[in-house]
>>> print(open('coords-v5.cif').read())   # mmCIF, C-alpha atoms
data_query
#
loop_
_atom_site.label_atom_id
_atom_site.label_comp_id
_atom_site.auth_asym_id
_atom_site.auth_seq_id
_atom_site.Cartn_x
_atom_site.Cartn_y
_atom_site.Cartn_z
CA MET A 773 146.18 72.18 112.24
CA LYS A 774 145.00 71.36 108.74
CA ILE A 775 141.47 72.30 107.73
CA TYR A 776 139.68 70.48 104.92
CA ARG A 777 136.40 71.74 103.49
CA ASP A 778 135.60 69.26 100.71
CA TRP A 779 135.47 65.58 101.62
CA LYS A 780 134.88 64.50 98.02
CA ASP A 781 138.43 65.37 96.98
CA LEU A 782 140.00 64.11 100.21
CA LYS A 783 142.12 60.97 100.36
CA LEU A 784 144.44 60.64 103.34
CA GLU A 785 147.51 58.43 103.45
CA GLN A 786 147.66 58.00 107.24
CA ASP A 787 145.23 56.32 109.64
CA THR A 788 143.21 58.57 111.94
CA SER A 789 141.40 58.68 115.26
CA ALA A 790 138.27 60.76 114.80
CA THR A 791 135.18 62.26 116.37
CA VAL A 792 132.09 63.69 114.70
CA GLY A 793 129.70 66.41 115.82
CA SER A 794 128.46 69.99 115.67
CA PHE A 795 130.36 70.88 118.88
CA ASP A 796 128.36 74.05 119.52
CA GLY A 797 130.13 75.77 122.40
CA VAL A 798 133.09 73.38 122.57
CA HIS A 799 132.11 73.13 126.24
CA LEU A 800 133.64 71.02 129.03
CA GLY A 801 131.82 67.91 127.83
CA HIS A 802 133.19 68.35 124.33
CA GLN A 803 136.62 69.06 125.77
CA GLN A 804 136.63 65.78 127.70
CA LEU A 805 135.81 63.95 124.46
CA ILE A 806 138.55 65.80 122.56
CA ARG A 807 141.13 64.94 125.22
CA ARG A 808 140.20 61.26 124.90
CA LEU A 809 140.53 61.54 121.13
CA LYS A 810 144.01 62.99 121.57
CA GLU A 811 144.99 60.13 123.90
CA LEU A 812 143.90 57.48 121.39
CA ALA A 813 145.61 59.20 118.49
CA ARG A 814 148.83 59.56 120.46
CA HIS A 815 148.74 55.94 121.64
CA HIS A 816 148.19 54.53 118.16
CA ARG A 817 150.30 57.18 116.39
CA ARG A 818 147.37 58.31 114.30
CA LEU A 819 146.14 61.74 113.22
CA SER A 820 143.62 63.30 115.62
CA THR A 821 140.69 64.36 113.46
CA ILE A 822 137.46 66.26 114.11
CA VAL A 823 134.60 66.13 111.63
CA THR A 824 132.14 69.00 112.00
CA PHE A 825 129.52 70.77 109.90
CA GLU A 826 128.86 74.24 108.51
CA PRO A 827 126.26 75.61 108.70
CA HIS A 828 124.83 74.00 111.81
CA PRO A 829 122.47 71.16 110.76
CA LYS A 830 119.50 72.77 112.53
CA ILE A 831 119.77 75.80 110.22
CA VAL A 832 119.51 73.64 107.10
CA LEU A 833 116.83 71.37 108.52
CA GLY A 834 114.71 74.38 109.47
CA LYS A 835 114.14 73.35 113.07
CA GLY A 836 112.79 76.63 114.41
CA THR A 837 114.87 79.64 115.42
CA VAL A 838 118.52 78.61 115.64
CA GLN A 839 120.69 80.28 118.26
CA LEU A 840 124.31 79.23 118.59
CA ILE A 841 127.00 79.52 121.25
CA THR A 842 129.94 79.44 118.83
CA ASP A 843 130.40 80.20 115.16
CA LEU A 844 132.76 78.15 113.00
CA GLU A 845 135.70 80.50 113.56
CA GLU A 846 135.41 80.12 117.34
CA LYS A 847 135.13 76.34 117.11
CA LEU A 848 138.22 76.08 114.95
CA GLU A 849 140.14 78.29 117.37
CA GLN A 850 139.19 76.00 120.27
CA PHE A 851 140.23 72.92 118.27
CA ARG A 852 143.53 74.62 117.49
CA GLN A 853 144.16 75.20 121.19
CA PHE A 854 143.80 71.45 121.74
CA GLN A 855 146.42 70.91 119.02
CA ILE A 856 144.13 68.78 116.88
CA ASP A 857 145.94 67.56 113.77
CA GLN A 858 143.15 68.12 111.28
CA VAL A 859 139.53 69.19 110.94
CA LEU A 860 137.11 68.30 108.17
CA VAL A 861 134.36 70.91 107.82
CA ILE A 862 131.57 69.28 105.84
CA PRO A 863 129.19 71.66 104.02
CA PHE A 864 125.83 70.66 105.47
CA THR A 865 123.30 70.73 102.63
CA PRO A 866 119.83 69.22 102.19
CA GLU A 867 121.48 66.60 99.97
CA PHE A 868 124.01 65.72 102.66
CA ALA A 869 121.22 65.53 105.27
CA ARG A 870 119.70 62.65 103.30
CA LEU A 871 122.87 60.55 103.61
CA ASP A 872 122.30 57.44 105.72
CA TYR A 873 124.69 56.70 108.58
CA GLU A 874 126.26 53.62 106.98
CA THR A 875 127.13 55.49 103.78
CA PHE A 876 128.54 58.33 105.87
CA VAL A 877 130.75 55.95 107.82
CA ARG A 878 131.87 53.96 104.80
CA ASP A 879 132.38 56.73 102.22
CA ILE A 880 133.69 59.52 104.44
CA LEU A 881 135.08 58.15 107.70
CA LEU A 882 136.62 54.97 106.30
CA ASP A 883 137.38 55.62 102.62
CA ARG A 884 138.38 59.30 102.86
CA LEU A 885 139.65 59.71 106.42
CA ARG A 886 140.93 56.19 107.14
CA VAL A 887 139.34 56.23 110.60
CA ARG A 888 140.47 53.38 112.86
CA ASP A 889 139.17 54.76 116.18
CA LEU A 890 135.86 56.62 116.44
CA VAL A 891 135.07 58.54 119.63
CA ILE A 892 131.54 59.84 120.19
CA GLY A 893 129.62 61.60 122.93
CA TYR A 894 127.22 59.77 125.24
CA ASP A 895 124.13 61.12 123.42
CA HIS A 896 125.47 61.38 119.89
CA HIS A 897 123.63 60.15 116.79
CA PHE A 898 124.35 60.91 113.17
CA GLY A 899 123.22 60.16 109.65
CA ARG A 900 119.76 60.63 108.18
CA ASN A 901 117.11 60.95 110.92
CA ARG A 902 119.87 60.42 113.53
CA GLU A 903 119.88 56.70 112.76
CA GLY A 904 123.57 56.24 113.60
CA THR A 905 123.29 55.07 117.20
CA PHE A 906 126.15 53.80 119.34
CA GLU A 907 124.94 50.21 118.95
CA ARG A 908 124.77 50.48 115.17
CA LEU A 909 128.24 52.01 115.06
CA ILE A 910 129.58 49.11 117.12
CA ASP A 911 128.08 46.74 114.55
CA LEU A 912 129.67 48.67 111.68
CA GLY A 913 132.98 48.65 113.54
CA ARG A 914 132.93 44.86 113.69
CA ARG A 915 132.13 44.63 109.99
CA PHE A 916 134.64 47.20 108.74
CA GLY A 917 137.41 46.96 111.31
CA PHE A 918 137.35 50.12 113.43
CA SER A 919 136.81 50.66 117.16
CA VAL A 920 134.05 52.79 118.68
CA GLU A 921 134.27 54.41 122.10
CA ARG A 922 131.59 56.41 123.86
CA VAL A 923 132.61 59.16 126.29
CA GLY A 924 130.30 59.86 129.22
CA PRO A 925 128.88 63.24 130.27
CA VAL A 926 130.55 65.87 132.43
CA GLN A 927 128.53 66.93 135.46
CA ILE A 928 128.92 70.09 137.52
CA GLU A 929 126.94 70.34 140.75
CA GLY A 930 124.62 67.59 139.54
CA GLU A 931 123.91 69.13 136.14
CA VAL A 932 125.05 67.56 132.88
CA VAL A 933 127.05 70.02 130.78
CA SER A 934 125.34 70.38 127.40
CA SER A 935 124.98 72.90 124.60
CA SER A 936 121.22 73.18 125.19
CA LEU A 937 121.71 73.96 128.89
CA ILE A 938 124.33 76.63 128.12
CA ARG A 939 122.04 78.24 125.54
CA GLN A 940 119.29 78.42 128.15
CA LEU A 941 121.64 79.93 130.74
CA LEU A 942 122.69 82.65 128.31
CA LYS A 943 119.09 83.46 127.43
CA GLU A 944 118.46 83.87 131.18
CA GLY A 945 121.49 86.12 131.63
CA GLN A 946 123.40 83.57 133.72
CA VAL A 947 126.68 84.32 131.98
CA GLU A 948 128.87 83.32 134.94
CA LYS A 949 127.35 79.85 135.15
CA ALA A 950 127.54 79.52 131.37
CA ALA A 951 131.24 80.40 131.56
CA THR A 952 131.75 77.65 134.15
CA PHE A 953 130.24 75.08 131.79
CA LEU A 954 132.11 76.45 128.77
CA GLY A 955 135.43 76.70 130.56
CA ARG A 956 135.73 80.33 129.42
CA PRO A 957 133.53 83.47 129.14
CA TYR A 958 130.85 83.60 126.47
CA ARG A 959 131.97 85.78 123.59
CA LEU A 960 130.10 87.81 121.01
CA LYS A 961 131.82 89.24 117.96
CA GLY A 962 130.24 92.34 116.48
CA ARG A 963 130.76 95.27 114.19
CA ILE A 964 130.53 98.82 115.55
CA VAL A 965 127.68 100.72 113.93
CA GLU A 966 126.57 104.30 114.40
CA GLY A 967 123.88 104.92 116.99
CA ASP A 968 121.89 108.02 117.95
CA GLY A 969 124.56 109.43 120.27
CA ARG A 970 122.39 109.54 123.39
CA GLY A 971 125.02 107.78 125.48
CA LYS A 972 127.54 110.48 124.66
CA ASP A 973 125.01 113.18 125.50
CA ILE A 974 124.66 111.85 129.07
CA GLY A 975 128.37 111.24 129.64
CA PHE A 976 128.47 107.52 128.84
CA PRO A 977 129.40 107.18 125.16
CA THR A 978 128.57 103.74 123.83
CA ALA A 979 129.48 101.68 120.81
CA ASN A 980 126.51 99.95 119.22
CA ILE A 981 127.25 96.31 118.40
CA GLU A 982 125.82 94.52 115.37
CA PRO A 983 126.60 90.79 115.70
CA VAL A 984 128.65 89.39 112.83
CA ASP A 985 126.76 86.09 112.97
CA PRO A 986 122.96 86.53 113.12
CA HIS A 987 122.60 83.11 114.74
CA LYS A 988 124.74 83.93 117.79
CA ILE A 989 122.86 84.07 121.09
CA ILE A 990 122.27 87.53 122.54
CA PRO A 991 122.14 87.14 126.35
CA ALA A 992 119.09 88.28 128.32
CA ARG A 993 118.27 91.97 128.56
CA GLY A 994 120.18 93.86 131.21
CA VAL A 995 123.54 95.35 132.15
CA TYR A 996 126.72 93.25 132.11
CA ALA A 997 130.33 93.64 133.15
CA VAL A 998 132.36 92.78 130.07
CA ASP A 999 135.80 92.82 128.56
CA VAL A 1000 136.14 94.32 125.09
CA ILE A 1001 138.82 93.10 122.70
CA LEU A 1002 139.65 95.60 119.99
CA GLY A 1003 142.58 94.57 117.82
CA GLU A 1004 145.39 93.60 120.17
CA GLN A 1005 144.01 95.62 123.09
CA ARG A 1006 141.66 94.51 125.87
CA TYR A 1007 139.52 96.95 127.85
CA LYS A 1008 137.01 96.73 130.66
CA GLY A 1009 133.50 97.91 129.94
CA MET A 1010 129.81 97.61 130.68
CA MET A 1011 127.23 96.48 128.19
CA ASN A 1012 123.52 97.13 127.99
CA ILE A 1013 121.22 94.82 126.08
CA GLY A 1014 117.65 96.00 125.73
CA TYR A 1015 115.13 98.46 124.35
CA ARG A 1016 116.33 101.57 126.25
CA PRO A 1017 112.94 102.15 127.93
CA THR A 1018 114.01 105.46 129.49
CA PHE A 1019 114.19 106.89 125.95
CA ASN A 1020 110.97 105.13 124.88
CA ASN A 1021 112.89 103.15 122.27
CA ILE A 1022 110.68 100.07 121.90
CA GLU A 1023 111.29 99.29 118.23
CA SER A 1024 114.36 97.08 118.28
CA LEU A 1025 116.73 95.37 120.67
CA THR A 1026 120.06 97.15 120.96
CA SER A 1027 123.42 95.94 122.25
CA GLU A 1028 125.70 98.78 123.27
CA VAL A 1029 128.94 98.85 125.20
CA HIS A 1030 130.57 101.65 127.17
CA ILE A 1031 134.33 101.02 126.98
CA PHE A 1032 136.24 102.34 129.99
CA ASN A 1033 139.14 104.73 129.40
CA PHE A 1034 138.56 104.81 125.66
CA GLN A 1035 137.78 107.80 123.43
CA SER A 1036 138.44 106.82 119.78
CA LEU A 1037 135.85 106.61 117.00
CA ILE A 1038 135.70 103.00 115.85
CA TYR A 1039 132.73 102.78 113.49
CA GLY A 1040 133.01 99.81 111.16
CA LYS A 1041 135.58 97.98 113.27
CA GLU A 1042 135.05 94.51 114.73
CA VAL A 1043 135.18 93.91 118.47
CA VAL A 1044 134.82 90.84 120.66
CA ILE A 1045 132.73 91.12 123.82
CA LEU A 1046 133.50 88.75 126.71
CA PHE A 1047 130.61 88.51 129.18
CA LYS A 1048 131.85 88.36 132.78
CA LYS A 1049 128.90 89.11 135.08
CA PHE A 1050 125.23 90.07 135.00
CA ILE A 1051 124.83 93.32 136.96
CA ARG A 1052 121.11 94.13 136.86
CA PRO A 1053 117.98 93.84 134.71
CA GLU A 1054 116.98 96.56 132.27
CA GLN A 1055 115.09 99.38 133.99
CA LYS A 1056 113.04 102.40 133.01
CA PHE A 1057 114.06 105.54 134.93
CA SER A 1058 111.78 108.49 135.60
CA THR A 1059 114.46 111.04 134.70
CA ILE A 1060 117.72 111.19 132.78
CA GLU A 1061 119.48 112.19 136.01
CA ALA A 1062 118.25 109.03 137.72
CA LEU A 1063 119.61 107.01 134.79
CA LYS A 1064 123.00 108.75 135.01
CA THR A 1065 123.19 108.08 138.75
CA GLN A 1066 122.52 104.38 138.20
CA LEU A 1067 125.06 104.20 135.34
CA ARG A 1068 127.74 105.63 137.62
CA LYS A 1069 126.95 102.90 140.17
CA ASP A 1070 127.02 100.24 137.44
CA LYS A 1071 130.39 101.46 136.21
CA GLU A 1072 131.86 101.42 139.70
CA ILE A 1073 130.79 97.77 140.08
CA CYS A 1074 132.08 96.77 136.65
CA GLU A 1075 135.47 98.39 137.19
CA LYS A 1076 136.08 96.03 140.13
CA ILE A 1077 135.30 92.86 138.14
#
>>> encode(input="coords-v5.cif", output="structure tokens")
Amino acid sequence: MKIYRDWKDLKLEQDTSATVGSFDGVHLGHQQLIRRLKELARHHRRLSTIVTFEPHPKIVLGKGTVQLITDLEEKLEQFRQFQIDQVLVIPFTPEFARLDYETFVRDILLDRLRVRDLVIGYDHHFGRNREGTFERLIDLGRRFGFSVERVGPVQIEGEVVSSSLIRQLLKEGQVEKAATFLGRPYRLKGRIVEGDGRGKDIGFPTANIEPVDPHKIIPARGVYAVDVILGEQRYKGMMNIGYRPTFNNIESLTSEVHIFNFQSLIYGKEVVILFKKFIRPEQKFSTIEALKTQLRKDKEICEKI
């Protein structure tokens, strides 16, 4: 899979079938669209092409607090698994945000990428102020000689799979349902930083996680069964997200993971946390012994998941 990061110097020599979007989550709805893109590209013998943006447009446009399901690295890995031929990652700047949809189509999709088939999601708009509607794209297609196809939504148990719904599920701690809509467990990459050692003192040493991407969603407070990927190894573990009320730590939210059957010091290393199941909400215990008793029960549950 080829990755291009500067459209201004790009000039392809082969026609393409393309789609455009932020693709936060690369969820089942996105995956249906990508499969259709692959079908068209294969049928017409064109290059399957995804156009996406970095950073996420909402970050640049300043639309409130931005929380994301996937960072760029995760998105590219998902595209790679679909064997996409090429990806154009457009730097999303305030200047680019002012580009109208017709200029975007003409100068980038047609002149640079030689798009002949454009596949979009059922609710997708692009260009300045989201002016590029499906109907307007159809009109441009007639004028400039490319086809436009809209892919419908994916529904699971009556709910439309969407990035906004998955974000909400994660914020509520519904990591299993989020995984169903994503087609895989939610993952959080972090760096191990030194904590205060209280977990070790009570027999449950933990690694404190500092997310690599500050915009990644931190699931709701509570205890989770997780898998921990460290290098080439994968371990079971349990993760606590919260303010550690038993220790009266109310200053900052902490994310700490107890890795089963693991003893090494790993400060500074990067790990990937895969969220499998929400176990219980955060609790304040009257004594340290009561906390230890509950942690033993939590661990027993997590080991079976």
>>> resolve_selection(input="coords-v5.cif", expression="the PyMOL selection byres ((chain A and resi 1070-1075) around 9)", output="ChimeraX atom specification")
/A:995-998,1008-1010,1032,1049,1051-1052,1065-1069,1076-1077
>>> closest_residue(input="coords-v5.cif", among="A:Ile938, A:Val1043, A:Val877, A:Ala869", to="Asp911 in chain A", atoms="all atoms listed in the file")
A:Val877
>>> residues_around(input="coords-v5.cif", residues="Ile964 in chain A", least_positions_apart="4", cutoff="8 Å", atoms="only C-alpha atoms", output="NGL selection string")
:A and (979-982 or 1038-1043)
>>> atom_distance(input="coords-v5.cif", atom1="CA of Ile806 in chain A", atom2="CA of Glu948 in chain A")
23.5 Å
>>> closest_residue(input="coords-v5.cif", among="A:Glu867, A:Asp796, A:Glu846, A:Glu921", to="Arg888 in chain A", atoms="only C-alpha atoms")
A:Glu921
>>> residues_around(input="coords-v5.cif", residues="Gly955 in chain A", least_positions_apart="6", cutoff="12 Å", atoms="all atoms listed in the file", output="PyMOL selection string")
chain A and resi 797-804+850+928+933+938+947-949
>>> closest_residue(input="coords-v5.cif", among="A:Glu929, A:Ser1027, A:Ser919, A:Asp781", to="Gly967 in chain A", atoms="all atoms listed in the file")
A:Ser1027
>>> residues_near_point(input="coords-v5.cif", point="(130.5, 53.2, 115.7)", cutoff="9 Å", atoms="all atoms listed in the file", output="list in words")
Val877, Asp889, Leu890, Val891, Ile892, Gly904, Thr905, Phe906, Glu907, Arg908, Leu909, Ile910, Asp911, Leu912, Gly913, Arg914, Phe918, Ser919, Val920, Glu921 and Arg922 of chain A
